[in-house]
Amino acid sequence: MDRAAYVSAIVVGAGTAVFLVWWWWSKRQRERPPLKWRKVGELSDLICFPVKSLGPVRLNEFECTQLGLKFGWMRDRTLMVIDLDGQFVTGRQYPRMVQIIPSMAGSILTLKAPGMMSISVDLARLMGRFRASVWGQAVAACDCGEEVARWLSRFLLQEDRGLRLVYYPLDKPSRKVRSKNDGFPLTISEDTGAYPDATSYTLENEASIADLNSRIDEPVVPQNFRCNFVVKGAEPYEEDAWDWVKIGNVYFRNVKPCTRCIFTTVQPETGQKNLNFEPLKTMRKYRTITDPLYRKYTGDSPVMGIHLGLRGPKAIVRLGDPVYVSVPDQEHPVLISPP
């Protein structure tokens with residue numbers, strides 16, 4: 001190797017080393033909670049959905065874990081309904097699922113629904129594992145037994161069989177990020193939860209929903225969007241630009257926008273779909289992502305709210321906790337133009 005080539009190799013090598021050090025440092029900085037925060041509001045609702053697509057459970061406090069909100073045996077979306085092929089089913093297919101109200105007492109899950117006697121399952125007694133499927137991804141599951149399977153089938157199908165209830169037996173997520181979310185680099189497998197569509201945590205802004213309600217004839221409520229955290233006091237849609245979010249003493253990262261589907265048209269109390277496809281139809285007019293780089297992942301699905309990834313510590317959040325966001329917020333892209 002002549003001297004010029006040798007010098008060039010050293011320069012290239014040094015440049016690569018500098019780049020790698022810079023990349024590592026930048027990555028660490030991005031993962032480290034910021035030092036400056038501004039208060040944007042407070043937590044006005046705190047909601048757990050123990051069974052995917054069923055009714056909510058509201059408490060004054062929950063522990064934040066990698067799988068989502070937790071209170072004793074109650075964990076967010078760690079139970080779900082499947083068909084006889086092991087495929088998950090939701091309120092998209094069976095809107096009356098939202099009328100089934102779960103509750104927990106120790107390890108005992110109880111389900112109640114209009115016109116039905118309540119039924120209970122002891123989650124501590126479940127045994128055996130198999131593979132169910134959420135959006136084509138295999139997930140671990142324990143079957144909850146024949147009685148609750150028959151109960152669900154009768155309420156939702158008016159048949160004696162066809163549906164089953166399963167429980168997630170692990171303490172951490174086991175799925176990879178779905179391919180449709182690959183375009184959002186902050187999404188990681190540690191945030192995929194047990195059975196949710198995308199992540200363990202979602203957040204919505206009361207002011208954004210109020211703005212939406214000013215555009216439609218039949219107002220919706222935050223529960224139409226089935227988020228864990230509802231914030232009051234923020235400006236409409238400012239959550240689009242939030243990067244780091246702190247609720248009480250717990251740190252989260254805004255990992256992607258929360259795209260919306262036909263489930264938002266289901267009235268939470270009655271289980272009836274809106275005949276005018278609202279609020280979905282109106283949101284498609286002003287809340288879709290237009291950037292072609294991201295639109296290939298989201299299509300014409302409108303956005304309301306954000307997906308969060310837990311970044312520590314595993315601690316308690318409480319109703320009324322202050323909500324802070326990082327300052328400045330220059331790195332997080334705003335993908336939707338203000339209305």
# chains A, B, ... in the order shown; residues from 1 in each chain; ligands from 1
call {"tool": "residues_around", "arguments": {"residues": "Ser179 in chain A", "least_positions_apart": "6", "cutoff": "12 Å", "atoms": "only C-alpha atoms", "output": "PyMOL selection string"}}
result
chain A and resi 135-137+185+187-189+198+296-298
call {"tool": "select_by_dssp", "arguments": {"residues": "range 159-326 of chain A", "states": "helix (DSSP H, G or I)", "output": "PDB file with N, CA and C atoms, in the first residue's frame"}}
result
ATOM      1  N   SER A 179     -45.222  -5.144  10.606  1.00  0.00           N
ATOM      2  CA  SER A 179     -44.589  -4.553   9.428  1.00  0.00           C
ATOM      3  C   SER A 179     -45.208  -3.213   9.059  1.00  0.00           C
ATOM      4  N   LYS A 180     -46.493  -3.032   9.342  1.00  0.00           N
ATOM      5  CA  LYS A 180     -47.141  -1.758   9.010  1.00  0.00           C
ATOM      6  C   LYS A 180     -46.642  -0.614   9.890  1.00  0.00           C
ATOM      7  N   ASN A 181     -45.925  -0.944  10.973  1.00  0.00           N
ATOM      8  CA  ASN A 181     -45.370   0.097  11.844  1.00  0.00           C
ATOM      9  C   ASN A 181     -43.862   0.264  11.679  1.00  0.00           C
ATOM     10  N   SER A 189     -39.969  -3.790  19.839  1.00  0.00           N
ATOM     11  CA  SER A 189     -40.729  -4.976  20.241  1.00  0.00           C
ATOM     12  C   SER A 189     -41.086  -4.962  21.725  1.00  0.00           C
ATOM     13  N   GLU A 190     -40.268  -4.296  22.541  1.00  0.00           N
ATOM     14  CA  GLU A 190     -40.549  -4.228  23.978  1.00  0.00           C
ATOM     15  C   GLU A 190     -41.837  -3.481  24.292  1.00  0.00           C
ATOM     16  N   ASP A 191     -42.385  -2.747  23.318  1.00  0.00           N
ATOM     17  CA  ASP A 191     -43.594  -1.956  23.540  1.00  0.00           C
ATOM     18  C   ASP A 191     -44.862  -2.617  23.015  1.00  0.00           C
ATOM     19  N   GLU A 206     -58.317  15.559  25.549  1.00  0.00           N
ATOM     20  CA  GLU A 206     -59.714  16.003  25.609  1.00  0.00           C
ATOM     21  C   GLU A 206     -60.006  17.121  24.613  1.00  0.00           C
ATOM     22  N   ALA A 207     -59.056  18.039  24.469  1.00  0.00           N
ATOM     23  CA  ALA A 207     -59.287  19.188  23.583  1.00  0.00           C
ATOM     24  C   ALA A 207     -59.381  18.765  22.124  1.00  0.00           C
ATOM     25  N   SER A 208     -58.635  17.747  21.738  1.00  0.00           N
ATOM     26  CA  SER A 208     -58.699  17.245  20.361  1.00  0.00           C
ATOM     27  C   SER A 208     -60.059  16.625  20.085  1.00  0.00           C
ATOM     28  N   ILE A 209     -60.589  15.906  21.069  1.00  0.00           N
ATOM     29  CA  ILE A 209     -61.905  15.288  20.902  1.00  0.00           C
ATOM     30  C   ILE A 209     -62.990  16.363  20.886  1.00  0.00           C
ATOM     31  N   ALA A 210     -62.815  17.407  21.691  1.00  0.00           N
ATOM     32  CA  ALA A 210     -63.775  18.514  21.676  1.00  0.00           C
ATOM     33  C   ALA A 210     -63.789  19.195  20.309  1.00  0.00           C
ATOM     34  N   ASP A 211     -62.615  19.361  19.707  1.00  0.00           N
ATOM     35  CA  ASP A 211     -62.551  19.956  18.369  1.00  0.00           C
ATOM     36  C   ASP A 211     -63.252  19.059  17.355  1.00  0.00           C
ATOM     37  N   LEU A 212     -63.009  17.750  17.445  1.00  0.00           N
ATOM     38  CA  LEU A 212     -63.706  16.812  16.560  1.00  0.00           C
ATOM     39  C   LEU A 212     -65.215  16.932  16.738  1.00  0.00           C
ATOM     40  N   ASN A 213     -65.680  17.044  17.971  1.00  0.00           N
ATOM     41  CA  ASN A 213     -67.118  17.122  18.221  1.00  0.00           C
ATOM     42  C   ASN A 213     -67.740  18.388  17.648  1.00  0.00           C
ATOM     43  N   PRO A 222     -64.362  10.210  24.856  1.00  0.00           N
ATOM     44  CA  PRO A 222     -63.018   9.619  24.803  1.00  0.00           C
ATOM     45  C   PRO A 222     -63.028   8.098  24.699  1.00  0.00           C
ATOM     46  N   GLN A 223     -64.039   7.448  25.289  1.00  0.00           N
ATOM     47  CA  GLN A 223     -64.062   5.985  25.263  1.00  0.00           C
ATOM     48  C   GLN A 223     -64.247   5.430  23.857  1.00  0.00           C
ATOM     49  N   ASN A 224     -64.748   6.236  22.904  1.00  0.00           N
ATOM     50  CA  ASN A 224     -64.802   5.782  21.511  1.00  0.00           C
ATOM     51  C   ASN A 224     -63.422   5.389  20.998  1.00  0.00           C
ATOM     52  N   PHE A 225     -62.382   5.983  21.606  1.00  0.00           N
ATOM     53  CA  PHE A 225     -61.022   5.765  21.124  1.00  0.00           C
ATOM     54  C   PHE A 225     -60.211   4.832  22.016  1.00  0.00           C
ATOM     55  N   GLU A 238     -52.036  19.165  20.007  1.00  0.00           N
ATOM     56  CA  GLU A 238     -50.625  19.400  20.273  1.00  0.00           C
ATOM     57  C   GLU A 238     -49.907  18.100  20.598  1.00  0.00           C
ATOM     58  N   GLU A 239     -50.666  17.064  20.966  1.00  0.00           N
ATOM     59  CA  GLU A 239     -50.039  15.775  21.252  1.00  0.00           C
ATOM     60  C   GLU A 239     -49.321  15.193  20.028  1.00  0.00           C
ATOM     61  N   ASP A 240     -49.712  15.619  18.828  1.00  0.00           N
ATOM     62  CA  ASP A 240     -49.038  15.139  17.615  1.00  0.00           C
ATOM     63  C   ASP A 240     -47.533  15.384  17.677  1.00  0.00           C
ATOM     64  N   ALA A 241     -47.128  16.487  18.294  1.00  0.00           N
ATOM     65  CA  ALA A 241     -45.724  16.900  18.288  1.00  0.00           C
ATOM     66  C   ALA A 241     -44.983  16.527  19.569  1.00  0.00           C
ATOM     67  N   ILE A 262     -62.833   1.379  12.033  1.00  0.00           N
ATOM     68  CA  ILE A 262     -64.285   1.359  12.154  1.00  0.00           C
ATOM     69  C   ILE A 262     -64.753   1.205  13.599  1.00  0.00           C
ATOM     70  N   PHE A 263     -63.882   0.715  14.480  1.00  0.00           N
ATOM     71  CA  PHE A 263     -64.254   0.530  15.887  1.00  0.00           C
ATOM     72  C   PHE A 263     -64.648   1.859  16.536  1.00  0.00           C
ATOM     73  N   THR A 264     -64.111   2.977  16.063  1.00  0.00           N
ATOM     74  CA  THR A 264     -64.453   4.278  16.641  1.00  0.00           C
ATOM     75  C   THR A 264     -65.912   4.639  16.410  1.00  0.00           C
ATOM     76  N   THR A 265     -66.564   3.985  15.464  1.00  0.00           N
ATOM     77  CA  THR A 265     -67.972   4.298  15.180  1.00  0.00           C
ATOM     78  C   THR A 265     -68.936   3.535  16.088  1.00  0.00           C
ATOM     79  N   LEU A 280     -65.437   8.523  12.069  1.00  0.00           N
ATOM     80  CA  LEU A 280     -64.384   8.136  11.122  1.00  0.00           C
ATOM     81  C   LEU A 280     -64.454   8.942   9.831  1.00  0.00           C
ATOM     82  N   LYS A 281     -65.668   9.141   9.318  1.00  0.00           N
ATOM     83  CA  LYS A 281     -65.812   9.844   8.043  1.00  0.00           C
ATOM     84  C   LYS A 281     -65.275  11.268   8.130  1.00  0.00           C
ATOM     85  N   THR A 282     -65.597  11.967   9.217  1.00  0.00           N
ATOM     86  CA  THR A 282     -65.118  13.345   9.360  1.00  0.00           C
ATOM     87  C   THR A 282     -63.620  13.389   9.615  1.00  0.00           C
ATOM     88  N   MET A 283     -63.095  12.493  10.418  1.00  0.00           N
ATOM     89  CA  MET A 283     -61.652  12.496  10.688  1.00  0.00           C
ATOM     90  C   MET A 283     -60.842  12.280   9.423  1.00  0.00           C
ATOM     91  N   ARG A 284     -61.380  11.511   8.485  1.00  0.00           N
ATOM     92  CA  ARG A 284     -60.658  11.279   7.230  1.00  0.00           C
ATOM     93  C   ARG A 284     -60.518  12.550   6.399  1.00  0.00           C
ATOM     94  N   LYS A 285     -61.338  13.553   6.699  1.00  0.00           N
ATOM     95  CA  LYS A 285     -61.268  14.803   5.947  1.00  0.00           C
ATOM     96  C   LYS A 285     -60.131  15.711   6.401  1.00  0.00           C
ATOM     97  N   TYR A 286     -59.674  15.525   7.660  1.00  0.00           N
ATOM     98  CA  TYR A 286     -58.667  16.463   8.147  1.00  0.00           C
ATOM     99  C   TYR A 286     -57.600  15.852   9.048  1.00  0.00           C
ATOM    100  N   PRO A 292     -45.937  11.246   2.017  1.00  0.00           N
ATOM    101  CA  PRO A 292     -45.910   9.941   1.331  1.00  0.00           C
ATOM    102  C   PRO A 292     -44.995   8.921   1.993  1.00  0.00           C
ATOM    103  N   LEU A 293     -43.974   9.391   2.718  1.00  0.00           N
ATOM    104  CA  LEU A 293     -43.055   8.487   3.387  1.00  0.00           C
ATOM    105  C   LEU A 293     -43.783   7.670   4.460  1.00  0.00           C
ATOM    106  N   TYR A 294     -44.739   8.302   5.136  1.00  0.00           N
ATOM    107  CA  TYR A 294     -45.467   7.634   6.206  1.00  0.00           C
ATOM    108  C   TYR A 294     -46.824   7.114   5.756  1.00  0.00           C
ATOM    109  N   ARG A 295     -47.393   7.747   4.739  1.00  0.00           N
ATOM    110  CA  ARG A 295     -48.741   7.361   4.298  1.00  0.00           C
ATOM    111  C   ARG A 295     -48.773   5.929   3.764  1.00  0.00           C
ATOM    112  N   LYS A 296     -47.643   5.446   3.253  1.00  0.00           N
ATOM    113  CA  LYS A 296     -47.646   4.070   2.755  1.00  0.00           C
ATOM    114  C   LYS A 296     -47.839   3.067   3.897  1.00  0.00           C
ATOM    115  N   TYR A 297     -47.616   3.529   5.136  1.00  0.00           N
ATOM    116  CA  TYR A 297     -47.853   2.666   6.299  1.00  0.00           C
ATOM    117  C   TYR A 297     -49.234   2.893   6.909  1.00  0.00           C
ATOM    118  N   THR A 298     -49.783   4.079   6.755  1.00  0.00           N
ATOM    119  CA  THR A 298     -51.049   4.410   7.413  1.00  0.00           C
ATOM    120  C   THR A 298     -52.247   4.423   6.473  1.00  0.00           C
TER     121      THR A 298
END
call {"tool": "residues_around", "arguments": {"residues": "Leu126 in chain A", "least_positions_apart": "5", "cutoff": "9 Å", "atoms": "only C-alpha atoms", "output": "VMD selection string"}}
result
chain A and resid 121 142 to 145 167
call {"tool": "closest_residue", "arguments": {"among": "A:Tyr195, A:Trp37, A:Tyr201, A:Phe71", "to": "Gln87 in chain A", "atoms": "only C-alpha atoms"}}
result
A:Tyr195
call {"tool": "closest_atom_pairs", "arguments": {"of": "range 248-333 of chain A", "to": "range 89-108 of chain A", "cutoff": "9 Å", "atoms": "only C-alpha atoms", "output": "tab-separated table"}}
result
residue	atom	partner	partner_atom	distance
A:Cys261	CA	A:Arg92	CA	8.3
A:Ile262	CA	A:Arg92	CA	6.3
A:Phe263	CA	A:Arg92	CA	5.2
A:Thr264	CA	A:Arg92	CA	8.9
A:Val266	CA	A:Pro95	CA	6.3
A:Gln267	CA	A:Val98	CA	8.5
A:Pro268	CA	A:Val98	CA	6.0
A:Glu269	CA	A:Gln99	CA	6.5
A:Thr270	CA	A:Gln99	CA	6.7
A:Gly271	CA	A:Arg96	CA	4.5
A:Gln272	CA	A:Pro95	CA	6.5
A:Lys273	CA	A:Pro95	CA	7.1
call {"tool": "closest_residue", "arguments": {"among": "A:Leu170, A:Val250, A:Cys48, A:Ala140", "to": "Ile316 in chain A", "atoms": "only C-alpha atoms"}}
result
A:Val250
call {"tool": "residues_around", "arguments": {"residues": "Leu308 in chain A", "least_positions_apart": "6", "cutoff": "6 Å", "atoms": "only C-alpha atoms", "output": "ChimeraX atom specification"}}
result
/A:201-202,252-255
call {"tool": "write_last_selection", "arguments": {"atoms": "C-alpha atoms", "output": "mmCIF file, in the first residue's frame"}}
result
data_model
loop_
_atom_site.group_PDB
_atom_site.id
_atom_site.type_symbol
_atom_site.label_atom_id
_atom_site.label_comp_id
_atom_site.auth_asym_id
_atom_site.auth_seq_id
_atom_site.Cartn_x
_atom_site.Cartn_y
_atom_site.Cartn_z
ATOM 1 C CA TYR A 201 -50.081 2.408 26.064
ATOM 2 C CA THR A 202 -52.164 5.008 24.238
ATOM 3 C CA PHE A 252 -42.982 7.529 28.159
ATOM 4 C CA ARG A 253 -41.979 8.111 24.550
ATOM 5 C CA ASN A 254 -44.373 9.065 21.771
ATOM 6 C CA VAL A 255 -43.519 6.240 19.370
#
call {"tool": "closest_residue", "arguments": {"among": "A:Ala149, A:Pro236, A:Pro50, A:Ala138", "to": "Leu109 in chain A", "atoms": "only C-alpha atoms"}}
result
A:Pro50
call {"tool": "closest_residue", "arguments": {"among": "A:Gly162, A:Pro34, A:Pro196, A:Pro219", "to": "Ser174 in chain A", "atoms": "only C-alpha atoms"}}
result
A:Pro196
call {"tool": "residues_around", "arguments": {"residues": "Glu204 in chain A", "least_positions_apart": "4", "cutoff": "7 Å", "atoms": "only C-alpha atoms", "output": "PyMOL selection string"}}
result
chain A and resi 227+229-231+305-306
call {"tool": "write_last_selection", "arguments": {"atoms": "all heavy atoms", "output": "tab-separated table (two decimals), in the first residue's frame"}}
result
chain	number	residue	atom	x	y	z
A	227	CYS	N	-58.42	4.71	24.76
A	227	CYS	CA	-57.06	4.97	25.21
A	227	CYS	C	-56.92	4.71	26.71
A	227	CYS	O	-57.91	4.75	27.45
A	227	CYS	CB	-56.66	6.41	24.90
A	227	CYS	SG	-56.29	6.71	23.17
A	229	PHE	N	-54.82	6.66	28.70
A	229	PHE	CA	-54.65	7.96	29.35
A	229	PHE	C	-55.46	9.01	28.61
A	229	PHE	O	-55.39	9.11	27.37
A	229	PHE	CB	-53.18	8.38	29.34
A	229	PHE	CG	-52.23	7.41	29.99
A	229	PHE	CD1	-51.07	7.01	29.34
A	229	PHE	CD2	-52.49	6.90	31.25
A	229	PHE	CE1	-50.19	6.12	29.93
A	229	PHE	CE2	-51.62	6.01	31.86
A	229	PHE	CZ	-50.46	5.62	31.19
A	230	VAL	N	-56.21	9.81	29.37
A	230	VAL	CA	-56.89	10.98	28.81
A	230	VAL	C	-56.34	12.21	29.52
A	230	VAL	O	-56.28	12.25	30.76
A	230	VAL	CB	-58.41	10.89	28.99
A	230	VAL	CG1	-59.09	12.10	28.33
A	230	VAL	CG2	-58.96	9.59	28.40
A	231	VAL	N	-55.93	13.21	28.74
A	231	VAL	CA	-55.30	14.42	29.28
A	231	VAL	C	-56.22	15.61	29.08
A	231	VAL	O	-56.79	15.78	28.00
A	231	VAL	CB	-53.95	14.68	28.58
A	231	VAL	CG1	-53.32	15.98	29.09
A	231	VAL	CG2	-53.00	13.52	28.79
A	305	GLY	N	-54.87	10.69	18.77
A	305	GLY	CA	-54.11	10.19	19.90
A	305	GLY	C	-52.74	9.67	19.48
A	305	GLY	O	-52.38	9.69	18.30
A	306	ILE	N	-51.98	9.21	20.47
A	306	ILE	CA	-50.62	8.74	20.22
A	306	ILE	C	-50.36	7.42	20.96
A	306	ILE	O	-50.96	7.15	22.00
A	306	ILE	CB	-49.56	9.78	20.66
A	306	ILE	CG1	-49.75	10.19	22.12
A	306	ILE	CG2	-49.61	10.99	19.74
A	306	ILE	CD1	-48.71	11.20	22.63
call {"tool": "closest_residue", "arguments": {"among": "A:Val139, A:Leu46, A:Phe155, A:Thr65", "to": "Arg311 in chain A", "atoms": "only C-alpha atoms"}}
result
A:Thr65
